[in-house]
$ cat input.csv   # CSV, C-alpha atoms
chain,number,residue,atom,x,y,z
A,1,MET,CA,233.0,361.6,136.7
A,2,THR,CA,233.4,358.3,138.6
A,3,ASP,CA,237.2,358.6,138.8
A,4,ALA,CA,236.9,362.2,140.1
A,5,LEU,CA,234.4,361.1,142.8
A,6,PHE,CA,236.7,358.3,144.0
A,7,LEU,CA,239.6,360.8,144.2
A,8,LYS,CA,237.6,363.4,145.9
A,9,LEU,CA,236.4,361.0,148.6
A,10,ALA,CA,239.9,359.5,149.1
A,11,LEU,CA,241.5,362.9,149.6
A,12,LYS,CA,238.6,364.0,151.9
A,13,HIS,CA,239.6,361.1,154.1
A,14,ASN,CA,243.3,361.8,154.0
A,15,ILE,CA,244.3,359.1,151.6
A,16,PRO,CA,246.9,360.8,149.3
A,17,VAL,CA,246.2,358.9,146.1
A,18,GLU,CA,247.0,360.6,142.8
A,19,LYS,CA,245.3,358.5,140.2
A,20,ILE,CA,242.7,355.8,139.7
A,21,ILE,CA,244.0,352.6,138.2
A,22,SER,CA,240.7,350.9,137.5
A,23,THR,CA,237.0,351.0,138.5
A,24,ASN,CA,234.4,348.3,138.8
A,25,GLU,CA,230.7,349.1,138.6
A,26,LEU,CA,229.5,345.5,138.6
A,27,GLY,CA,229.1,345.0,142.3
A,28,LEU,CA,225.6,344.8,143.8
A,29,ASP,CA,226.5,346.6,147.0
A,30,TYR,CA,229.5,348.7,146.1
A,31,ARG,CA,231.2,350.7,143.3
A,32,THR,CA,234.9,349.9,143.7
A,33,ALA,CA,238.2,351.4,142.5
A,34,ILE,CA,241.9,350.7,142.8
A,35,ALA,CA,243.9,353.9,143.4
A,36,GLU,CA,247.6,354.7,143.6
A,37,GLU,CA,249.7,357.1,145.6
A,38,GLN,CA,252.8,358.7,144.2
A,39,ASN,CA,255.0,356.1,145.9
A,40,GLN,CA,253.0,353.4,144.1
A,41,LYS,CA,251.2,352.2,147.2
A,42,ARG,CA,247.7,351.1,146.1
A,43,TRP,CA,244.4,351.3,147.8
A,44,LEU,CA,241.0,349.6,147.4
A,45,LEU,CA,238.2,352.1,147.5
A,46,ARG,CA,234.5,351.2,147.9
A,47,ILE,CA,231.5,353.5,147.6
A,48,PRO,CA,228.3,351.9,149.1
A,49,ARG,CA,225.4,352.0,146.7
A,50,ARG,CA,222.8,352.4,149.5
A,51,ILE,CA,223.1,354.5,152.7
A,52,GLU,CA,221.2,351.8,154.6
A,53,ASN,CA,224.2,349.5,154.0
A,54,PHE,CA,226.1,351.3,156.7
A,55,ILE,CA,224.9,349.1,159.5
A,56,LYS,CA,226.1,346.1,157.6
A,57,ILE,CA,229.4,347.8,156.9
A,58,GLN,CA,229.9,348.5,160.6
A,59,GLN,CA,229.2,344.8,161.3
A,60,GLU,CA,231.8,343.7,158.7
A,61,GLU,CA,234.4,346.0,160.3
A,62,GLN,CA,233.7,344.2,163.6
A,63,TYR,CA,234.1,340.9,161.9
A,64,LEU,CA,237.5,341.9,160.5
A,65,GLN,CA,238.7,343.1,163.9
A,66,PHE,CA,237.7,339.8,165.4
A,67,LEU,CA,239.5,337.8,162.7
A,68,LYS,CA,242.6,339.9,162.6
A,69,SER,CA,244.6,337.9,165.2
A,70,LYS,CA,242.9,334.5,164.5
A,71,VAL,CA,243.8,333.7,160.9
A,72,SER,CA,247.1,333.1,159.2
A,73,PHE,CA,245.9,334.4,155.7
A,74,ASN,CA,245.5,338.0,154.7
A,75,ILE,CA,242.2,339.9,155.3
A,76,PRO,CA,241.4,343.6,154.6
A,77,ASP,CA,242.6,346.1,157.1
A,78,TRP,CA,240.0,348.9,156.9
A,79,ASN,CA,241.5,352.3,157.4
A,80,VAL,CA,238.4,354.4,156.5
A,81,VAL,CA,234.9,353.3,157.4
A,82,THR,CA,232.2,355.8,156.7
A,83,PRO,CA,228.7,355.8,155.0
A,84,GLU,CA,230.3,357.3,151.9
A,85,LEU,CA,233.6,355.4,151.6
A,86,ILE,CA,235.5,352.3,152.8
A,87,ALA,CA,239.2,352.2,152.0
A,88,TYR,CA,242.1,349.9,152.8
A,89,PRO,CA,245.6,349.1,151.5
A,90,LEU,CA,245.2,346.8,148.5
A,91,LEU,CA,246.2,343.2,149.5
A,92,ILE,CA,248.9,341.4,147.6
A,93,ASP,CA,248.0,338.9,144.9
A,94,SER,CA,245.0,338.7,142.6
A,95,PRO,CA,241.6,337.1,142.9
A,96,ALA,CA,241.4,333.5,141.7
A,97,LEU,CA,238.6,334.7,139.5
A,98,GLU,CA,238.2,338.1,137.9
A,99,VAL,CA,235.8,339.8,135.6
A,100,ASP,CA,237.1,341.5,132.5
A,101,LEU,CA,235.5,344.9,132.8
A,102,LYS,CA,235.5,345.4,129.0
A,103,SER,CA,234.1,342.1,127.8
A,104,ASN,CA,232.4,340.9,131.1
A,105,ASP,CA,234.2,337.6,130.6
A,106,PHE,CA,235.5,335.6,133.6
A,107,ASN,CA,239.3,335.2,133.8
A,108,TRP,CA,240.8,332.5,136.0
A,109,ASN,CA,244.2,333.3,137.7
A,110,ILE,CA,244.7,329.6,138.7
A,111,ASP,CA,245.5,326.4,136.9
A,112,LEU,CA,242.1,324.7,136.5
A,113,ASN,CA,243.9,321.4,135.7
A,114,SER,CA,245.6,321.3,139.1
A,115,PHE,CA,244.1,320.6,142.5
A,116,ASP,CA,246.5,323.0,144.2
A,117,TYR,CA,243.8,325.6,144.7
A,118,SER,CA,241.3,323.1,145.9
A,119,GLU,CA,243.7,321.7,148.5
A,120,SER,CA,244.6,325.2,149.6
A,121,LEU,CA,241.0,326.1,150.0
A,122,ALA,CA,240.6,323.0,152.3
A,123,ALA,CA,243.3,324.4,154.6
A,124,ILE,CA,241.7,327.8,154.7
A,125,LEU,CA,238.3,326.4,155.5
A,126,PHE,CA,239.7,324.1,158.2
A,127,GLU,CA,241.3,327.0,159.8
A,128,LEU,CA,238.3,329.2,159.6
A,129,HIS,CA,235.8,326.6,160.7
A,130,SER,CA,238.0,325.8,163.8
A,131,ILE,CA,237.8,329.3,165.2
A,132,SER,CA,235.8,329.7,168.4
A,133,THR,CA,233.4,332.6,168.4
A,134,ASP,CA,233.6,333.2,172.2
A,135,GLY,CA,235.4,336.5,171.6
A,136,ILE,CA,232.5,338.2,169.7
A,137,ARG,CA,229.2,339.1,171.2
A,138,LYS,CA,226.2,337.3,170.0
A,139,SER,CA,224.5,340.5,169.0
A,140,GLU,CA,227.3,341.3,166.6
A,141,LEU,CA,227.3,337.9,164.7
A,142,LYS,CA,224.5,336.0,163.1
A,143,LYS,CA,224.2,332.6,164.6
A,144,PHE,CA,221.9,330.0,163.1
A,145,SER,CA,221.1,326.5,164.2
A,146,THR,CA,220.3,323.9,161.5
A,147,ASN,CA,216.6,324.1,162.2
A,148,GLU,CA,216.7,327.9,161.9
A,149,ILE,CA,218.5,327.7,158.6
A,150,ARG,CA,215.9,325.3,157.3
A,151,GLN,CA,213.0,327.4,158.5
A,152,GLU,CA,214.5,330.5,156.9
A,153,LEU,CA,214.7,328.8,153.6
A,154,LEU,CA,211.1,327.7,153.8
A,155,ASN,CA,210.1,331.2,154.6
A,156,GLU,CA,212.1,332.5,151.7
A,157,ILE,CA,210.4,330.0,149.4
A,158,ASP,CA,207.0,331.3,150.6
A,159,LEU,CA,207.9,334.9,150.1
A,160,VAL,CA,209.4,334.5,146.6
A,161,LYS,CA,206.5,332.3,145.5
A,162,ALA,CA,204.0,335.0,146.7
A,163,GLU,CA,205.9,337.9,145.2
A,164,LEU,CA,207.4,336.5,142.0
A,165,GLY,CA,206.4,332.9,141.6
A,166,ILE,CA,208.5,329.7,141.6
A,167,PRO,CA,208.3,326.9,139.0
A,168,SER,CA,206.7,323.9,140.7
A,169,ARG,CA,209.6,321.6,139.8
A,170,LEU,CA,212.0,323.9,141.7
A,171,GLU,CA,209.8,324.3,144.7
A,172,LYS,CA,209.3,320.6,145.0
A,173,GLN,CA,213.0,320.0,144.7
A,174,TRP,CA,213.9,322.6,147.3
A,175,ARG,CA,211.3,321.6,149.8
A,176,ALA,CA,212.3,317.9,149.6
A,177,TRP,CA,216.0,318.8,150.3
A,178,ILE,CA,215.1,321.1,153.2
A,179,ASN,CA,212.7,318.6,154.8
A,180,GLU,CA,215.1,315.6,154.6
A,181,ASP,CA,217.0,315.4,157.9
A,182,SER,CA,219.8,313.2,156.5
A,183,TYR,CA,221.2,316.0,154.4
A,184,TRP,CA,221.7,318.4,157.2
A,185,PRO,CA,224.7,318.6,159.7
A,186,GLU,CA,224.0,318.5,163.5
A,187,PHE,CA,226.6,321.2,164.2
A,188,SER,CA,227.5,324.8,163.3
A,189,VAL,CA,230.8,326.5,162.5
A,190,LEU,CA,232.1,330.0,161.7
A,191,ASN,CA,231.5,330.6,158.0
A,192,HIS,CA,232.7,333.3,155.6
A,193,GLY,CA,229.2,333.2,154.2
A,194,ASP,CA,229.9,334.3,150.6
A,195,LEU,CA,233.0,332.4,149.6
A,196,TYR,CA,233.8,331.8,146.0
A,197,ALA,CA,236.9,332.1,143.8
A,198,GLY,CA,236.5,335.9,143.3
A,199,HIS,CA,236.8,336.4,147.1
A,200,THR,CA,240.0,334.5,147.4
A,201,LEU,CA,243.5,335.9,146.5
A,202,VAL,CA,246.1,333.6,145.1
A,203,ASN,CA,249.8,333.5,144.5
A,204,SER,CA,251.7,332.0,141.5
A,205,LYS,CA,251.5,328.5,143.1
A,206,ASN,CA,247.7,328.5,143.1
A,207,GLN,CA,247.7,328.9,146.8
A,208,ILE,CA,245.2,331.1,148.7
A,209,THR,CA,247.0,334.0,150.5
A,210,GLY,CA,244.0,336.1,151.4
A,211,VAL,CA,240.2,336.2,151.6
A,212,ILE,CA,238.1,339.4,151.1
A,213,ASP,CA,234.5,340.5,151.5
A,214,TRP,CA,233.4,339.3,155.0
A,215,SER,CA,230.0,341.0,155.2
A,216,GLU,CA,228.1,337.7,155.3
A,217,MET,CA,230.2,336.1,158.1
A,218,GLN,CA,228.0,333.9,160.3
A,219,VAL,CA,227.9,330.8,162.5
A,220,GLY,CA,225.9,328.1,160.7
A,221,ASP,CA,226.1,325.2,158.3
A,222,SER,CA,229.7,324.6,157.0
A,223,SER,CA,228.4,323.6,153.6
A,224,LEU,CA,227.8,327.2,152.9
A,225,ASP,CA,231.6,327.8,152.4
A,226,PHE,CA,231.9,324.9,149.9
A,227,THR,CA,229.0,325.8,147.6
A,228,GLY,CA,230.8,328.6,145.7
A,229,HIS,CA,233.7,326.3,145.1
A,230,TYR,CA,231.4,323.6,143.6
A,231,VAL,CA,229.6,326.2,141.4
A,232,GLY,CA,232.9,327.6,140.1
A,233,LEU,CA,235.1,324.6,139.6
A,234,GLY,CA,232.8,321.6,139.6
A,235,GLU,CA,232.5,318.2,141.3
A,236,LYS,CA,236.0,316.9,141.1
A,237,HIS,CA,237.5,320.0,142.7
A,238,LEU,CA,234.8,319.8,145.4
A,239,ASP,CA,235.7,316.1,146.0
A,240,LYS,CA,239.4,317.1,146.5
A,241,THR,CA,238.6,319.9,148.9
A,242,ILE,CA,236.3,317.7,151.0
A,243,GLU,CA,238.9,314.9,151.0
A,244,VAL,CA,241.7,317.2,152.2
A,245,TYR,CA,239.5,319.0,154.7
A,246,LYS,CA,238.5,315.7,156.3
A,247,LYS,CA,242.1,314.5,156.5
A,248,MET,CA,243.0,317.8,158.3
A,249,GLY,CA,240.3,317.1,160.9
A,250,GLY,CA,237.4,319.1,159.4
A,251,ARG,CA,234.0,317.8,160.5
A,252,THR,CA,232.0,316.1,157.7
A,253,TRP,CA,228.9,313.9,157.5
A,254,SER,CA,227.6,311.2,155.2
A,255,ARG,CA,225.6,313.4,152.8
A,256,MET,CA,227.8,316.5,152.9
A,257,LYS,CA,228.6,316.5,149.2
A,258,GLU,CA,224.9,316.0,148.2
A,259,HIS,CA,223.9,318.7,150.6
A,260,ILE,CA,226.4,321.2,149.1
A,261,ILE,CA,225.1,320.5,145.6
A,262,CYS,CA,221.5,321.0,146.8
A,263,ARG,CA,222.5,324.2,148.5
A,264,ALA,CA,224.0,325.4,145.3
A,265,SER,CA,220.7,324.9,143.5
A,266,VAL,CA,218.9,327.5,145.7
A,267,SER,CA,221.1,330.4,144.4
A,268,PRO,CA,218.2,331.7,142.3
A,269,LEU,CA,216.1,331.8,145.5
A,270,LYS,CA,218.7,333.7,147.4
A,271,PHE,CA,219.1,336.2,144.5
A,272,ALA,CA,215.4,336.7,144.4
A,273,ILE,CA,215.4,337.6,148.2
A,274,PHE,CA,218.1,340.1,147.6
A,275,ALA,CA,216.3,341.6,144.6
A,276,LEU,CA,213.1,342.0,146.5
A,277,SER,CA,214.9,343.7,149.3
A,278,THR,CA,216.3,346.3,146.9
A,279,LYS,CA,213.0,347.0,145.1
A,280,ASN,CA,215.2,347.5,142.0
A,281,ASP,CA,213.3,346.6,138.8
A,282,GLY,CA,216.5,345.4,137.0
A,283,TYR,CA,217.4,343.1,139.8
A,284,ILE,CA,213.9,341.8,140.1
A,285,GLN,CA,213.8,341.0,136.4
A,286,SER,CA,217.1,339.2,136.7
A,287,ALA,CA,215.6,337.2,139.6
A,288,ARG,CA,212.7,336.2,137.4
A,289,ASP,CA,215.1,335.1,134.7
A,290,GLN,CA,217.2,333.0,137.1
A,291,LEU,CA,214.0,331.4,138.4
A,292,GLY,CA,213.0,330.5,134.8
A,293,LEU,CA,209.8,332.6,134.9

$ encode --input "input.csv" --output "structure tokens"
Amino acid sequence: MTDALFLKLALKHNIPVEKIISTNELGLDYRTAIAEEQNQKRWLLRIPRRIENFIKIQQEEQYLQFLKSKVSFNIPDWNVVTPELIAYPLLIDSPALEVDLKSNDFNWNIDLNSFDYSESLAAILFELHSISTDGIRKSELKKFSTNEIRQELLNEIDLVKAELGIPSRLEKQWRAWINEDSYWPEFSVLNHGDLYAGHTLVNSKNQITGVIDWSEMQVGDSSLDFTGHYVGLGEKHLDKTIEVYKKMGGRTWSRMKEHIICRASVSPLKFAIFALSTKNDGYIQSARDQLGL
């Protein structure tokens, strides 16, 4: 039934695909599929899981339009943008990290013993973080000062503590990080906002050729775009990326690495906020599990 639905929606929106190559039901916000035309041109099809996501979808479309002429790497070119379907020509190359849909195992498409990917990421981040946001209206892009980010985190701790509970050890650790000025940068940059290996596309040389899923793009703390890299590949790869980023001219500060590691530790908090927003019992239980409750 899922394949038939994707085909029906694609044809409704004048995309002449003939078959579904694969589907993915694991996404929190979308069901996705790769479809193919008779001439072997492939498309990425996304069905939003919740109708209320459409405002966020429209925002992401604006972000992609803004970025189109400003980045040297590939980004999605959305051809169809509706509450029921988003579709765009499939970008070349594969994600650096993929999930095996049969086993749910993670498969890496890069050489984890090489720093090529980490160096490539540094170049991508330097390019992105150097972009001026003058060309996009403030109302269309979330912009956060360091103080606003810190206050939002404190508010999220209070909310999750009230709704689900938080182990005292975690709460103490998180509050100490948030309240310590020396961890935090005094500047903001344009961020992808949800950057990890699964959102980067790579070639056979472990180099990033494209970046996908821009729904969380924002102006804020640059450490946000390093966190997924640390979680996925570890401290040595993070060190290499920061080193190359700094040599290129990227702005750093004395406790940047520590700050990135601390930011990674709040992932259970962020998932809990998402779970509460969906009111989905399964997600809420997963949030409890991640919090260690």

$ closest_atom_pairs --input "input.csv" --of "stretch 50-115 of chain A" --to "stretch 176-199 of chain A" --cutoff "9 Å" --atoms "only C-alpha atoms" --output "Markdown table"
| residue | atom | partner | partner_atom | distance |
| --- | --- | --- | --- | --- |
| A:Ser94 | CA | A:Gly198 | CA | 9.0 |
| A:Pro95 | CA | A:Gly198 | CA | 5.3 |
| A:Ala96 | CA | A:Ala197 | CA | 5.2 |
| A:Leu97 | CA | A:Gly198 | CA | 4.5 |
| A:Glu98 | CA | A:Gly198 | CA | 6.1 |
| A:Val99 | CA | A:Gly198 | CA | 8.7 |
| A:Trp108 | CA | A:Ala197 | CA | 8.7 |

$ write_last_selection --input "input.csv" --atoms "C-alpha atoms" --output "CSV table (one decimal), in the frame of the given file"
chain,number,residue,atom,x,y,z
A,94,SER,CA,245.0,338.7,142.6
A,95,PRO,CA,241.6,337.1,142.9
A,96,ALA,CA,241.4,333.5,141.7
A,97,LEU,CA,238.6,334.7,139.5
A,98,GLU,CA,238.2,338.1,137.9
A,99,VAL,CA,235.8,339.8,135.6
A,108,TRP,CA,240.8,332.5,136.0

$ closest_residue --input "input.csv" --among "A:Arg42, A:Arg49, A:His129, A:Lys68" --to "A:Gly249" --atoms "only C-alpha atoms"
A:His129

$ atom_distance --input "input.csv" --atom1 "atom CA of A:Arg46" --atom2 "atom CA of A:Tyr30"
5.9 Å

$ closest_residue --input "input.csv" --among "A:Val219, A:Ile208, A:Leu269, A:Val160" --to "A:Ile131" --atoms "all atoms listed in the file"
A:Val219

$ residues_around --input "input.csv" --residues "stretch 10-27 of chain A" --least-positions-apart "5" --cutoff "12 Å" --atoms "all atoms listed in the file" --output "PyMOL selection string"
chain A and resi 1-5+32-49+79-82+84-90+98-102+104+198+213

$ closest_residue --input "input.csv" --among "A:Lys279, A:His237, A:Arg251, A:Lys161" --to "A:Leu291" --atoms "all atoms listed in the file"
A:Lys161

$ atom_distance --input "input.csv" --atom1 "atom CA of A:Ile261" --atom2 "atom CA of A:Ser132"
26.8 Å

$ atom_distance --input "input.csv" --atom1 "atom CA of A:Gln290" --atom2 "atom CA of A:Glu152"
20.1 Å

$ residues_around --input "input.csv" --residues "A:Leu293" --least-positions-apart "5" --cutoff "8 Å" --atoms "all atoms listed in the file" --output "CSV table (one decimal) with C-alpha atoms, in the coordinates of the input"
chain,number,residue,atom,x,y,z
A,165,GLY,CA,206.4,332.9,141.6
A,166,ILE,CA,208.5,329.7,141.6
A,167,PRO,CA,208.3,326.9,139.0
A,288,ARG,CA,212.7,336.2,137.4

$ residues_around --input "input.csv" --residues "A:Arg175" --least-positions-apart "4" --cutoff "12 Å" --atoms "all atoms listed in the file" --output "ChimeraX atom specification"
/A:150-158,166,168-171,179-181,262-263,265-266
